[in-house]
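Structure, as structure tokens:
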Amino acid sequence: MRLSALLTLAALAAAPLTGCQTRPDDLPTFSPERKLLQVVVEMPAGTNRAQRYDATQHQFVPERRAGLDHVVEFLPCPGNSGFIPGTTTDAPSARPLAALVLAETQPAGTVLEVLPIGLVTLDDNGLMRPIVLAVPARPSQQILPAVVSWQDLTSRYPGAREVLRQWFQHQGRPGEVRIVSWNDEKAAEQQVRKAMN
């Protein structure tokens, strides 16, 4: 068999594999195997360039604010920012429920099984945005040992709340974003259930 024929066969054999991959917006809210909450990473920890998954284009695109690519003029993101698949918020944008996973940086598109530990609600220029705070469920991915609740985070790492507050408040121009409330893991779980499709 000629090399070109072999390459064609190899391409045809690989095509169904790429076509069968699950898109981030088609994932379930909870992992089928372990029944754990899932988060799709959009903006990796350690970056300032905000991006989001565009379900119409099926790709990650720069987030826009005031017509420009949104670059946070502050310290890098303290966690992996993303969304919880299979959810929709009440916001006019009907975007999935946002999440911030406190873990080492993960590439955009990574799907993490997580444990919700808190809920922060932002007033983003008049738009209420709930964001689930989470840690990885897998011990090998955890950077905050023994943190499985809001109480654990605030008692073991008292400065973490201030770091998160500063990060969230620097998402826009001064005064555009403010913290409305901080809540525990039970409130986070209720928000997820409320947002499920």
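Going by the structure tokens order, chains are called A, B, ..., each with residues numbered from 1, while ligands are numbered from 1 in the order shown.
Excluding His170 (chain A) itself and any same-chain residue fewer than 4 positions from it, the protein and nucleic acid residues within 8 Å of it, counting only C-alpha atoms, are Val72, Glu73, Phe74, Gln166, Pro174 and Val177 of chain A.
The list of residues with at least one atom within 12 Å of Val192 (chain A), based on only C-alpha atoms and without residues fewer than 5 positions apart in the same chain, reads Thr29, Phe30, Leu37, Gln38, Val39, Phe83, Ile84, Pro85, Gly86, Thr87, Thr88, Thr89, Pro96, Leu97, Ala98, Ala99, Leu115, Pro116, Gly118, Leu119, Pro130, Ile131, Val132, Leu133, Ala134, Glu185, Lys186, Ala187 and Asn197 of chain A.
Pairwise distance (CA of Ala45 (chain A), CA of Pro32 (chain A)) equals 26.0 Å.
Counting only C-alpha atoms and comparing A:Ala50, A:Met43, A:Val111, A:Val101, the residue that lies closest to Ser31 (chain A) is A:Val111.
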Using only C-alpha atoms, I'd like a table of the residues in region 46-124 of chain A that come within 12 Å of region 142-148 of chain A; for each, show the closest atom pair and its distance in Å rounded to one decimal, ordered by chain and ascending number, as CSV.
residue,atom,partner,partner_atom,distance
A:Pro78,CA,A:Ile143,CA,11.8
A:Gly79,CA,A:Ile143,CA,10.6
A:Val101,CA,A:Gln142,CA,9.9
A:Leu102,CA,A:Ile143,CA,7.6
A:Ala103,CA,A:Ile143,CA,5.7
A:Glu104,CA,A:Ile143,CA,7.1
A:Thr105,CA,A:Ile143,CA,10.8
A:Leu112,CA,A:Gln142,CA,11.3
A:Glu113,CA,A:Gln142,CA,11.3
A:Val114,CA,A:Gln142,CA,9.9
A:Leu115,CA,A:Val148,CA,6.8
A:Pro116,CA,A:Val148,CA,7.6
A:Ile117,CA,A:Val148,CA,5.9
A:Gly118,CA,A:Val148,CA,9.5
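You will find CA of Pro62 (chain A) at 24.0 Å from CA of Ile179 (chain A).
The residue that comes closest to Gly172 (chain A), out of A:Gln59, A:Asn125, A:Thr22, A:Gln141 and on the basis of only C-alpha atoms, is A:Asn125.
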Members of chain A assigned alpha helix (DSSP H) by DSSP, as a count of residues only: 45
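Counting only C-alpha atoms, the residue from A:Leu75, A:Ala66, A:Gly109, A:Trp167 that sits nearest to Gln51 (chain A) is A:Gly109.
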Could you pull out the strand (DSSP E) residues of region 36-100 of chain A from DSSP and send them as a ChimeraX atom specification? /A:37-43,51-54,59-62,64-65,68-69,80-83,98-100
